[in-house]
2 protein chains.
Amino acid sequence: MRKIKVHIADDHQLLIDGIEAVLSSEENIEVVGSSLNGEDVLNWFASNEADILILDINMPKIDGIAVLQSFLKNGIQQKVIVLSSYDDTKLIKEVLKIGASGFLAKKCAGEHIVEAINDVYCDKQYFSESIKDKLLSTFTNNLSSIDEIPKGSSFFSSLTPRETDVLKLICKQFNSKEISIALHISTNTVETHRKNLINKLKVKNVVGLAIYAMKNNIV
Amino acid sequence: MRKIKVHIADDHQLLIDGIEAVLSSEENIEVVGSSLNGEDVLNWFASNEADILILDINMPKIDGIAVLQSFLKNGIQQKVIVLSSYDDTKLIKEVLKIGASGFLAKKCAGEHIVEAINDVYCDKQYFSESIKDKLLSTFTNNLSSIDEIPKGSSFFSSLTPRETDVLKLICKQFNSKEISIALHISTNTVETHRKNLINKLKVKNVVGLAIYAMKNNIV
DNA sequence: TTGCTTCTAACGGTTTCTGGTGATGCAAAA
DNA sequence: TTTTGCATCACCAGAAACCGTTAGAAGCAA
């Protein structure tokens with residue numbers, strides 16, 4: 001019997017080992033590789049292949065979103081099950097748009113990952129229960145959810161290096177003046193970056209920035 | 001042979017199942033229970049016992065710190081290995097003070113959890129490598145680290161219900177006026193709570209609050 | 001009863017952030 | 001070569017946050 005080849009990407013080695021141990025009891029599934037960050041994923045897939053990639057969103061260096069975008073850009077048809085701590089509707093819509101086939105919340109049970117792998121391997125989509133509920137309520141509750149969908153193409157992974165510098169220092173609780181000193185630029189510039197960040201990430205204030213940074217492992 | 005009884009507490013079922021799968025191949029270790037939040041942990045230990053508790057810090061309802069404090073308060077001598085995504089020196093010192101025997105970063109490998117369990121069962125302490133480095137550098141670098149140690153008793157889990165309400169809304173990017181409307185109190189009161197939060201958690205501004213809330217699963 | 005904590009509220013002042021707009025130089029891409 | 005994106009800087013006005021301090025009411029516990 002041909003086994004389903006799976007690659008696991010997550011920044012927590014413990015979770016990788018755990019999933020691998022869960023899958024080891026499945027006869028038709030084989031873990032052929034793993035990565036601790038997005039860069040490693042791209043490198044691995046440059047010279048290897050797997051039927052399914054289990055991909056965490058929050059990873060250092062290159063995050064899960066950027067990995068998906070890279071696949072899309074290079075025309076790579078990779079089946080991907082996205083793994084995330086947060087079952088955020090925005091995020092789910094985003095990853096589906098850019099090519100994910102399934103979405104699994106980390107709070108779900110280990111057996112579901114087996115289901116997910118089998119379903120996605122058979123060209124089906126897979127969502128964990130909690131996420132199904134969330135998606136449904138989005139459509140049933142009201143139509144304002146449409147506003148939630150980002151207007152531009154992708155709003156993740158779109159920060160310039162400098163913006164990332166500023167964001168990191170914001171998360172260190174620096175104010176604009178302190179940031180300007182740290183980066184050797186004027187406070188006016190810092191404030192421009194700050195405003196651009198807020199617009200780009202569609203948040204209301206620094207709190208939104210900090211939360212974005214945490215969720216995306218920028219800090 | 002007597003097996004080491006282990007209870008696992010983490011808000012991600014997937015991680016619990018993963019660790020359980022990793023441990024299943026160990027002959028001398030037996031998983032006797034698991035919990036998805038701190039409340040369940042306390043309930044479980046009220047009528048059951050385990051040799052070792054593997055305890056995640058970031059859990060909803062009652063977090064890992066509060067669980068440890070509860071053990072301490074009730075004179076329960078429970079061996080605990082703390083699990084955390086963040087290898088923050090402050091946090092490590094804190095949990096050691098309130099009775100943890102080991103500290104494991106989630107980014108460490110699955111095999112280390114086996115080592116940790118065996119070590120702690122034999123009354124030894126266990127720290128993952130990355131954490132050892134961090135702890136060492138704290139003592140070698142400079143003495144200013146002493147300032148890092150919280151002056152009061154415990155600075156975690158010390159928020160009043162109302163402060164938690166305000167913090168949650170701050171994390172929703174509400175400003176003081178919006179919070180005052182949501183909670184039916186005056187903006188002055190909101191700002192008092194905000195100041196108290198900043199003082200209590202020893203952060204500089206709302207960004208610090210948001211990051212604290214994220215790390216402690218308040219949002 | 002007394003002391004402690006929590007929640008509530010207020011005042012005055014300073015600092016910082018946010019929004020809007022505009023502009024320049026540079027480098028890479030189309 | 002023109003365009004586009006990025007980083008830089010500036011000015012202004014209003015909004016919001018931050019700081020220090022004080023204080024009454026309610027409830028709980030020693």
# chains A, B, ... in the order shown; residues from 1 in each chain; ligands from 1
$ interface_residues --of "chain B" --to "chain D" --cutoff "12 Å" --atoms "only C-alpha atoms (C1' of nucleotides)" --output "list in words"
Phe174, Asn175, Ser176, Lys177, Glu178, Thr187, Val190, Glu191, Thr192, Arg194, Lys195, Asn196, Ile198, Asn199, Lys204, Asn205, Val206 and Val207 of chain B
$ write_last_selection --atoms "N, CA and C atoms" --output "CSV table (one decimal), in the first residue's frame"
chain,number,residue,atom,x,y,z
B,174,PHE,N,-10.3,48.9,22.1
B,174,PHE,CA,-11.2,49.9,22.5
B,174,PHE,C,-10.4,51.0,23.2
B,175,ASN,N,-10.9,52.3,23.1
B,175,ASN,CA,-10.2,53.3,23.9
B,175,ASN,C,-11.0,53.5,25.2
B,176,SER,N,-10.6,54.4,26.0
B,176,SER,CA,-11.2,54.5,27.3
B,176,SER,C,-12.7,54.9,27.3
B,177,LYS,N,-13.0,55.7,26.3
B,177,LYS,CA,-14.4,56.1,26.2
B,177,LYS,C,-15.3,54.9,25.8
B,178,GLU,N,-14.8,54.2,24.9
B,178,GLU,CA,-15.6,53.0,24.4
B,178,GLU,C,-15.7,52.0,25.5
B,187,THR,N,-15.3,57.3,32.2
B,187,THR,CA,-14.0,57.2,31.6
B,187,THR,C,-12.9,57.4,32.7
B,190,VAL,N,-12.3,54.1,34.1
B,190,VAL,CA,-11.6,53.2,33.2
B,190,VAL,C,-10.1,53.6,33.2
B,191,GLU,N,-9.8,54.9,33.3
B,191,GLU,CA,-8.4,55.3,33.3
B,191,GLU,C,-7.7,54.9,34.6
B,192,THR,N,-8.5,54.9,35.7
B,192,THR,CA,-7.9,54.4,36.9
B,192,THR,C,-7.5,52.9,36.8
B,194,ARG,N,-6.9,51.3,34.2
B,194,ARG,CA,-5.8,51.2,33.2
B,194,ARG,C,-4.5,51.5,33.9
B,195,LYS,N,-4.5,52.6,34.8
B,195,LYS,CA,-3.2,52.9,35.5
B,195,LYS,C,-2.8,51.8,36.5
B,196,ASN,N,-3.8,51.3,37.1
B,196,ASN,CA,-3.6,50.2,38.1
B,196,ASN,C,-3.0,49.0,37.4
B,198,ILE,N,-1.3,49.0,34.6
B,198,ILE,CA,0.1,49.3,34.2
B,198,ILE,C,1.1,49.2,35.4
B,199,ASN,N,0.7,49.7,36.5
B,199,ASN,CA,1.5,49.6,37.7
B,199,ASN,C,1.7,48.2,38.2
B,204,LYS,N,5.0,49.4,30.6
B,204,LYS,CA,5.1,50.8,30.4
B,204,LYS,C,3.8,51.5,29.8
B,205,ASN,N,3.1,50.7,29.0
B,205,ASN,CA,1.9,51.2,28.3
B,205,ASN,C,1.0,50.1,27.9
B,206,VAL,N,0.0,50.5,27.1
B,206,VAL,CA,-1.0,49.5,26.7
B,206,VAL,C,-0.4,48.4,25.9
B,207,VAL,N,0.7,48.6,25.2
B,207,VAL,CA,1.3,47.6,24.5
B,207,VAL,C,1.7,46.5,25.4
$ interface_residues --of "chain A" --to "chain B" --cutoff "6 Å" --atoms "only C-alpha atoms" --output "PyMOL selection string"
chain A and resi 12-15+17-19+21-22+106-110+173+207
$ interface_residues --of "chain B" --to "chain C" --cutoff "10 Å" --atoms "only C-alpha atoms (C1' of nucleotides)" --output "PyMOL selection string"
chain B and resi 160-163+185-190+192-193
$ residues_around --residues "Arg2 (chain A)" --least-positions-apart "3" --cutoff "12 Å" --atoms "only C-alpha atoms (C1' of nucleotides)" --output "PyMOL selection string"
chain A and resi 5+27-30+51
$ select_by_dssp --residues "region 11-192 of chain A" --states "helix (DSSP H, G or I)" --output "JSON list (two decimals) with N, CA and C atoms, in the first residue's frame"
[["chain", "number", "residue", "atom", "x", "y", "z"],
["A", 13, "GLN", "N", 9.08, 22.12, 18.45],
["A", 13, "GLN", "CA", 9.52, 20.75, 18.19],
["A", 13, "GLN", "C", 8.65, 19.74, 18.93],
["A", 14, "LEU", "N", 8.24, 20.13, 20.12],
["A", 14, "LEU", "CA", 7.42, 19.23, 20.93],
["A", 14, "LEU", "C", 6.13, 18.85, 20.22],
["A", 15, "LEU", "N", 5.52, 19.82, 19.56],
["A", 15, "LEU", "CA", 4.27, 19.54, 18.85],
["A", 15, "LEU", "C", 4.54, 18.66, 17.64],
["A", 16, "ILE", "N", 5.63, 18.93, 16.95],
["A", 16, "ILE", "CA", 6.00, 18.08, 15.80],
["A", 16, "ILE", "C", 6.14, 16.64, 16.25],
["A", 17, "ASP", "N", 6.93, 16.45, 17.30],
["A", 17, "ASP", "CA", 7.15, 15.10, 17.81],
["A", 17, "ASP", "C", 5.84, 14.46, 18.25],
["A", 18, "GLY", "N", 4.99, 15.27, 18.83],
["A", 18, "GLY", "CA", 3.70, 14.77, 19.29],
["A", 18, "GLY", "C", 2.84, 14.31, 18.13],
["A", 19, "ILE", "N", 2.72, 15.14, 17.12],
["A", 19, "ILE", "CA", 1.91, 14.78, 15.95],
["A", 19, "ILE", "C", 2.50, 13.54, 15.29],
["A", 20, "GLU", "N", 3.80, 13.52, 15.21],
["A", 20, "GLU", "CA", 4.47, 12.38, 14.59],
["A", 20, "GLU", "C", 4.14, 11.10, 15.35],
["A", 21, "ALA", "N", 4.14, 11.20, 16.67],
["A", 21, "ALA", "CA", 3.82, 10.03, 17.48],
["A", 21, "ALA", "C", 2.38, 9.61, 17.28],
["A", 22, "VAL", "N", 1.49, 10.59, 17.17],
["A", 22, "VAL", "CA", 0.08, 10.27, 16.92],
["A", 22, "VAL", "C", -0.06, 9.55, 15.58],
["A", 23, "LEU", "N", 0.63, 10.07, 14.59],
["A", 23, "LEU", "CA", 0.51, 9.51, 13.24],
["A", 23, "LEU", "C", 1.21, 8.16, 13.09],
["A", 38, "GLY", "N", 9.37, 28.72, 8.38],
["A", 38, "GLY", "CA", 8.94, 28.78, 6.99],
["A", 38, "GLY", "C", 10.07, 28.63, 6.00],
["A", 39, "GLU", "N", 11.21, 29.16, 6.35],
["A", 39, "GLU", "CA", 12.36, 29.08, 5.46],
["A", 39, "GLU", "C", 12.72, 27.61, 5.21],
["A", 40, "ASP", "N", 12.77, 26.85, 6.29],
["A", 40, "ASP", "CA", 13.08, 25.42, 6.17],
["A", 40, "ASP", "C", 12.06, 24.70, 5.30],
["A", 41, "VAL", "N", 10.79, 25.10, 5.44],
["A", 41, "VAL", "CA", 9.74, 24.46, 4.64],
["A", 41, "VAL", "C", 10.04, 24.65, 3.16],
["A", 42, "LEU", "N", 10.31, 25.91, 2.77],
["A", 42, "LEU", "CA", 10.55, 26.20, 1.36],
["A", 42, "LEU", "C", 11.79, 25.46, 0.86],
["A", 43, "ASN", "N", 12.82, 25.44, 1.68],
["A", 43, "ASN", "CA", 14.04, 24.71, 1.29],
["A", 43, "ASN", "C", 13.75, 23.23, 1.11],
["A", 44, "TRP", "N", 13.00, 22.69, 2.04],
["A", 44, "TRP", "CA", 12.71, 21.25, 1.98],
["A", 44, "TRP", "C", 11.95, 20.91, 0.71],
["A", 45, "PHE", "N", 10.92, 21.70, 0.42],
["A", 45, "PHE", "CA", 10.08, 21.39, -0.74],
["A", 45, "PHE", "C", 10.77, 21.71, -2.07],
["A", 46, "ALA", "N", 11.89, 22.39, -2.00],
["A", 46, "ALA", "CA", 12.65, 22.67, -3.22],
["A", 46, "ALA", "C", 13.27, 21.39, -3.75],
["A", 47, "SER", "N", 13.56, 20.46, -2.86],
["A", 47, "SER", "CA", 14.24, 19.25, -3.32],
["A", 47, "SER", "C", 13.56, 17.96, -2.83],
["A", 64, "GLY", "N", 3.59, 30.98, 8.03],
["A", 64, "GLY", "CA", 2.82, 30.06, 7.21],
["A", 64, "GLY", "C", 2.17, 30.72, 6.01],
["A", 65, "ILE", "N", 1.66, 31.92, 6.22],
["A", 65, "ILE", "CA", 1.03, 32.65, 5.13],
["A", 65, "ILE", "C", 2.02, 32.86, 3.99],
["A", 66, "ALA", "N", 3.20, 33.29, 4.35],
["A", 66, "ALA", "CA", 4.21, 33.56, 3.33],
["A", 66, "ALA", "C", 4.59, 32.28, 2.58],
["A", 67, "VAL", "N", 4.58, 31.16, 3.28],
["A", 67, "VAL", "CA", 4.87, 29.89, 2.63],
["A", 67, "VAL", "C", 3.81, 29.58, 1.58],
["A", 68, "LEU", "N", 2.55, 29.75, 1.96],
["A", 68, "LEU", "CA", 1.45, 29.52, 1.02],
["A", 68, "LEU", "C", 1.56, 30.44, -0.19],
["A", 69, "GLN", "N", 1.88, 31.70, 0.10],
["A", 69, "GLN", "CA", 2.00, 32.66, -1.00],
["A", 69, "GLN", "C", 3.12, 32.27, -1.95],
["A", 70, "SER", "N", 4.19, 31.77, -1.36],
["A", 70, "SER", "CA", 5.31, 31.36, -2.19],
["A", 70, "SER", "C", 4.92, 30.19, -3.09],
["A", 71, "PHE", "N", 4.17, 29.24, -2.55],
["A", 71, "PHE", "CA", 3.68, 28.11, -3.34],
["A", 71, "PHE", "C", 2.83, 28.63, -4.50],
["A", 72, "LEU", "N", 1.93, 29.55, -4.16],
["A", 72, "LEU", "CA", 1.01, 30.10, -5.15],
["A", 72, "LEU", "C", 1.77, 30.79, -6.27],
["A", 73, "LYS", "N", 2.75, 31.58, -5.86],
["A", 73, "LYS", "CA", 3.52, 32.36, -6.82],
["A", 73, "LYS", "C", 4.29, 31.46, -7.78],
["A", 89, "THR", "N", -11.71, 34.00, 11.96],
["A", 89, "THR", "CA", -12.36, 33.88, 10.64],
["A", 89, "THR", "C", -11.58, 34.58, 9.54],
["A", 90, "LYS", "N", -11.07, 35.76, 9.87],
["A", 90, "LYS", "CA", -10.26, 36.50, 8.88],
["A", 90, "LYS", "C", -9.15, 35.61, 8.36],
["A", 91, "LEU", "N", -8.47, 34.99, 9.30],
["A", 91, "LEU", "CA", -7.31, 34.17, 8.97],
["A", 91, "LEU", "C", -7.71, 32.98, 8.11],
["A", 92, "ILE", "N", -8.82, 32.36, 8.47],
["A", 92, "ILE", "CA", -9.27, 31.18, 7.73],
["A", 92, "ILE", "C", -9.57, 31.55, 6.28],
["A", 93, "LYS", "N", -10.32, 32.63, 6.13],
["A", 93, "LYS", "CA", -10.66, 33.07, 4.77],
["A", 93, "LYS", "C", -9.39, 33.35, 3.97],
["A", 94, "GLU", "N", -8.47, 34.00, 4.65],
["A", 94, "GLU", "CA", -7.21, 34.36, 4.00],
["A", 94, "GLU", "C", -6.48, 33.12, 3.49],
["A", 95, "VAL", "N", -6.31, 32.13, 4.37],
["A", 95, "VAL", "CA", -5.53, 30.96, 3.97],
["A", 95, "VAL", "C", -6.25, 30.13, 2.92],
["A", 96, "LEU", "N", -7.59, 30.14, 2.96],
["A", 96, "LEU", "CA", -8.32, 29.39, 1.94],
["A", 96, "LEU", "C", -8.12, 30.04, 0.58],
["A", 97, "LYS", "N", -8.13, 31.36, 0.60],
["A", 97, "LYS", "CA", -7.94, 32.09, -0.66],
["A", 97, "LYS", "C", -6.59, 31.78, -1.28],
["A", 110, "GLY", "N", -6.23, 14.85, 18.67],
["A", 110, "GLY", "CA", -5.24, 14.25, 17.79],
["A", 110, "GLY", "C", -5.86, 13.42, 16.68],
["A", 111, "GLU", "N", -6.97, 12.76, 16.99],
["A", 111, "GLU", "CA", -7.59, 11.90, 15.97],
["A", 111, "GLU", "C", -8.03, 12.71, 14.75],
["A", 112, "HIS", "N", -8.37, 13.98, 15.00],
["A", 112, "HIS", "CA", -8.85, 14.80, 13.88],
["A", 112, "HIS", "C", -7.78, 15.08, 12.85],
["A", 113, "ILE", "N", -6.56, 15.03, 13.31],
["A", 113, "ILE", "CA", -5.50, 15.31, 12.35],
["A", 113, "ILE", "C", -5.41, 14.15, 11.36],
["A", 114, "VAL", "N", -5.72, 12.97, 11.83],
["A", 114, "VAL", "CA", -5.73, 11.79, 10.95],
["A", 114, "VAL", "C", -6.87, 11.94, 9.93],
["A", 115, "GLU", "N", -8.05, 12.30, 10.44],
["A", 115, "GLU", "CA", -9.19, 12.55, 9.54],
["A", 115, "GLU", "C", -8.83, 13.59, 8.50],
["A", 116, "ALA", "N", -8.24, 14.68, 8.98],
["A", 116, "ALA", "CA", -7.91, 15.79, 8.10],
["A", 116, "ALA", "C", -6.98, 15.34, 6.98],
["A", 117, "ILE", "N", -5.96, 14.59, 7.37],
["A", 117, "ILE", "CA", -5.00, 14.12, 6.37],
["A", 117, "ILE", "C", -5.69, 13.24, 5.33],
["A", 118, "ASN", "N", -6.52, 12.32, 5.80],
["A", 118, "ASN", "CA", -7.20, 11.42, 4.86],
["A", 118, "ASN", "C", -8.15, 12.18, 3.94],
["A", 119, "ASP", "N", -8.91, 13.11, 4.52],
["A", 119, "ASP", "CA", -9.84, 13.89, 3.71],
["A", 119, "ASP", "C", -9.12, 14.71, 2.65],
["A", 120, "VAL", "N", -8.13, 15.44, 3.10],
["A", 120, "VAL", "CA", -7.44, 16.34, 2.17],
["A", 120, "VAL", "C", -6.72, 15.53, 1.09],
["A", 121, "TYR", "N", -6.22, 14.37, 1.49],
["A", 121, "TYR", "CA", -5.55, 13.51, 0.50],
["A", 121, "TYR", "C", -6.52, 13.10, -0.60],
["A", 129, "GLU", "N", -14.24, 21.26, 14.01],
["A", 129, "GLU", "CA", -15.60, 21.63, 14.39],
["A", 129, "GLU", "C", -15.75, 23.09, 14.79],
["A", 130, "SER", "N", -14.87, 23.53, 15.70],
["A", 130, "SER", "CA", -14.99, 24.89, 16.22],
["A", 130, "SER", "C", -14.93, 25.90, 15.08],
["A", 131, "ILE", "N", -14.17, 25.57, 14.08],
["A", 131, "ILE", "CA", -14.01, 26.49, 12.96],
["A", 131, "ILE", "C", -15.23, 26.48, 12.06],
["A", 132, "LYS", "N", -15.80, 25.30, 11.88],
["A", 132, "LYS", "CA", -17.04, 25.22, 11.10],
["A", 132, "LYS", "C", -18.08, 26.15, 11.70],
["A", 133, "ASP", "N", -18.22, 26.07, 13.03],
["A", 133, "ASP", "CA", -19.19, 26.91, 13.72],
["A", 133, "ASP", "C", -18.93, 28.38, 13.44],
["A", 134, "LYS", "N", -17.66, 28.74, 13.59],
["A", 134, "LYS", "CA", -17.30, 30.15, 13.39],
["A", 134, "LYS", "C", -17.63, 30.61, 11.98],
["A", 135, "LEU", "N", -17.28, 29.79, 11.01],
["A", 135, "LEU", "CA", -17.51, 30.16, 9.61],
["A", 135, "LEU", "C", -19.00, 30.29, 9.35],
["A", 136, "LEU", "N", -19.78, 29.34, 9.90],
["A", 136, "LEU", "CA", -21.22, 29.40, 9.71],
["A", 136, "LEU", "C", -21.80, 30.67, 10.28],
["A", 137, "SER", "N", -21.40, 30.97, 11.52],
["A", 137, "SER", "CA", -21.97, 32.14, 12.17],
["A", 137, "SER", "C", -21.62, 33.42, 11.42],
["A", 138, "THR", "N", -20.51, 33.41, 10.74],
["A", 138, "THR", "CA", -20.14, 34.56, 9.94],
["A", 138, "THR", "C", -21.16, 34.82, 8.86],
["A", 139, "PHE", "N", -21.65, 33.73, 8.26],
["A", 139, "PHE", "CA", -22.58, 33.90, 7.16],
["A", 139, "PHE", "C", -24.01, 34.10, 7.64],
["A", 140, "THR", "N", -24.33, 33.55, 8.81],
["A", 140, "THR", "CA", -25.70, 33.65, 9.27],
["A", 140, "THR", "C", -25.95, 34.92, 10.05],
["A", 141, "ASN", "N", -24.99, 35.30, 10.89],
["A", 141, "ASN", "CA", -25.21, 36.45, 11.77],
["A", 141, "ASN", "C", -25.61, 37.71, 11.04],
["A", 145, "SER", "N", -19.86, 41.09, 8.01],
["A", 145, "SER", "CA", -18.61, 40.33, 7.98],
["A", 145, "SER", "C", -17.86, 40.56, 6.68],
["A", 146, "ILE", "N", -18.61, 40.98, 5.67],
["A", 146, "ILE", "CA", -17.96, 41.25, 4.40],
["A", 146, "ILE", "C", -16.88, 42.32, 4.58],
["A", 147, "ASP", "N", -17.19, 43.25, 5.47],
["A", 147, "ASP", "CA", -16.22, 44.31, 5.72],
["A", 147, "ASP", "C", -14.94, 43.77, 6.33],
["A", 148, "GLU", "N", -15.08, 42.61, 6.96],
["A", 148, "GLU", "CA", -13.91, 42.03, 7.61],
["A", 148, "GLU", "C", -12.88, 41.56, 6.59],
["A", 161, "PRO", "N", 10.88, 45.92, 5.65],
["A", 161, "PRO", "CA", 11.86, 45.67, 6.71],
["A", 161, "PRO", "C", 11.82, 46.76, 7.78],
["A", 162, "ARG", "N", 11.74, 47.99, 7.31],
["A", 162, "ARG", "CA", 11.77, 49.10, 8.26],
["A", 162, "ARG", "C", 10.55, 49.10, 9.15],
["A", 163, "GLU", "N", 9.41, 48.80, 8.54],
["A", 163, "GLU", "CA", 8.18, 48.74, 9.33],
["A", 163, "GLU", "C", 8.29, 47.64, 10.39],
["A", 164, "THR", "N", 8.92, 46.55, 10.01],
["A", 164, "THR", "CA", 9.10, 45.47, 10.97],
["A", 164, "THR", "C", 9.99, 45.93, 12.12],
["A", 165, "ASP", "N", 11.06, 46.68, 11.79],
["A", 165, "ASP", "CA", 11.93, 47.22, 12.84],
["A", 165, "ASP", "C", 11.11, 48.04, 13.83],
["A", 166, "VAL", "N", 10.31, 48.94, 13.28],
["A", 166, "VAL", "CA", 9.51, 49.82, 14.14],
["A", 166, "VAL", "C", 8.53, 49.00, 14.97],
["A", 167, "LEU", "N", 7.89, 48.05, 14.32],
["A", 167, "LEU", "CA", 6.90, 47.23, 15.03],
["A", 167, "LEU", "C", 7.54, 46.49, 16.21],
["A", 168, "LYS", "N", 8.72, 45.96, 15.97],
["A", 168, "LYS", "CA", 9.41, 45.24, 17.05],
["A", 168, "LYS", "C", 9.65, 46.15, 18.25],
["A", 169, "LEU", "N", 10.08, 47.38, 17.96],
["A", 169, "LEU", "CA", 10.37, 48.29, 19.06],
["A", 169, "LEU", "C", 9.10, 48.76, 19.74],
["A", 170, "ILE", "N", 8.03, 48.90, 18.96],
["A", 170, "ILE", "CA", 6.75, 49.23, 19.57],
["A", 170, "ILE", "C", 6.38, 48.16, 20.58],
["A", 171, "CYS", "N", 6.65, 46.92, 20.21],
["A", 171, "CYS", "CA", 6.31, 45.80, 21.10],
["A", 171, "CYS", "C", 7.22, 45.76, 22.32],
["A", 176, "SER", "N", 7.58, 56.75, 20.41],
["A", 176, "SER", "CA", 8.15, 57.17, 19.13],
["A", 176, "SER", "C", 9.54, 57.78, 19.28],
["A", 177, "LYS", "N", 9.73, 58.54, 20.35],
["A", 177, "LYS", "CA", 11.02, 59.18, 20.53],
["A", 177, "LYS", "C", 12.11, 58.13, 20.78],
["A", 178, "GLU", "N", 11.81, 57.18, 21.61],
["A", 178, "GLU", "CA", 12.79, 56.14, 21.90],
["A", 178, "GLU", "C", 13.12, 55.32, 20.65],
["A", 179, "ILE", "N", 12.10, 55.08, 19.85],
["A", 179, "ILE", "CA", 12.32, 54.33, 18.61],
["A", 179, "ILE", "C", 13.21, 55.14, 17.68],
["A", 180, "SER", "N", 12.94, 56.45, 17.60],
["A", 180, "SER", "CA", 13.73, 57.29, 16.70],
["A", 180, "SER", "C", 15.21, 57.27, 17.09],
["A", 181, "ILE", "N", 15.47, 57.24, 18.38],
["A", 181, "ILE", "CA", 16.85, 57.18, 18.85],
["A", 181, "ILE", "C", 17.48, 55.84, 18.51],
["A", 182, "ALA", "N", 16.70, 54.79, 18.76],
["A", 182, "ALA", "CA", 17.22, 53.44, 18.51],
["A", 182, "ALA", "C", 17.53, 53.22, 17.04],
["A", 183, "LEU", "N", 16.72, 53.79, 16.15],
["A", 183, "LEU", "CA", 16.90, 53.55, 14.71],
["A", 183, "LEU", "C", 17.63, 54.70, 14.01],
["A", 187, "THR", "N", 11.64, 61.44, 14.80],
["A", 187, "THR", "CA", 10.38, 60.95, 15.36],
["A", 187, "THR", "C", 9.26, 61.05, 14.31],
["A", 188, "ASN", "N", 9.35, 62.04, 13.44],
["A", 188, "ASN", "CA", 8.34, 62.17, 12.38],
["A", 188, "ASN", "C", 8.30, 60.91, 11.52],
["A", 189, "THR", "N", 9.47, 60.42, 11.20],
["A", 189, "THR", "CA", 9.54, 59.21, 10.38],
["A", 189, "THR", "C", 8.95, 58.02, 11.11],
["A", 190, "VAL", "N", 9.30, 57.94, 12.38],
["A", 190, "VAL", "CA", 8.76, 56.83, 13.18],
["A", 190, "VAL", "C", 7.24, 56.89, 13.15],
["A", 191, "GLU", "N", 6.73, 58.10, 13.29],
["A", 191, "GLU", "CA", 5.27, 58.21, 13.33],
["A", 191, "GLU", "C", 4.62, 57.91, 11.99],
["A", 192, "THR", "N", 5.32, 58.20, 10.94],
["A", 192, "THR", "CA", 4.82, 57.80, 9.61],
["A", 192, "THR", "C", 4.75, 56.29, 9.51]]
$ decode --residues "region 85-108 of chain B" --atoms "C-alpha atoms" --output "compact mmCIF listing (two decimals), in the first residue's frame"
# COMPACT_ATOMS: atom_id res chain seq x y z
CA SER B 85 5.85 28.73 24.69
CA TYR B 86 7.92 31.54 26.08
CA ASP B 87 11.18 30.94 27.86
CA ASP B 88 10.99 34.12 29.80
CA THR B 89 13.41 34.35 32.74
CA LYS B 90 10.92 36.24 34.87
CA LEU B 91 8.41 33.50 34.36
CA ILE B 92 10.88 30.73 35.14
CA LYS B 93 11.96 32.34 38.39
CA GLU B 94 8.36 32.85 39.29
CA VAL B 95 7.29 29.26 38.76
CA LEU B 96 10.34 27.89 40.56
CA LYS B 97 9.51 30.04 43.54
CA ILE B 98 6.00 28.66 43.72
CA GLY B 99 6.94 25.04 43.52
CA ALA B 100 7.67 23.86 39.99
CA SER B 101 10.38 21.21 39.64
CA GLY B 102 11.08 21.55 35.95
CA PHE B 103 10.63 23.87 33.03
CA LEU B 104 10.23 22.75 29.45
CA ALA B 105 9.97 25.04 26.43
CA LYS B 106 7.55 23.86 23.79
CA LYS B 107 10.22 24.27 21.20
CA CYS B 108 12.24 21.43 22.72
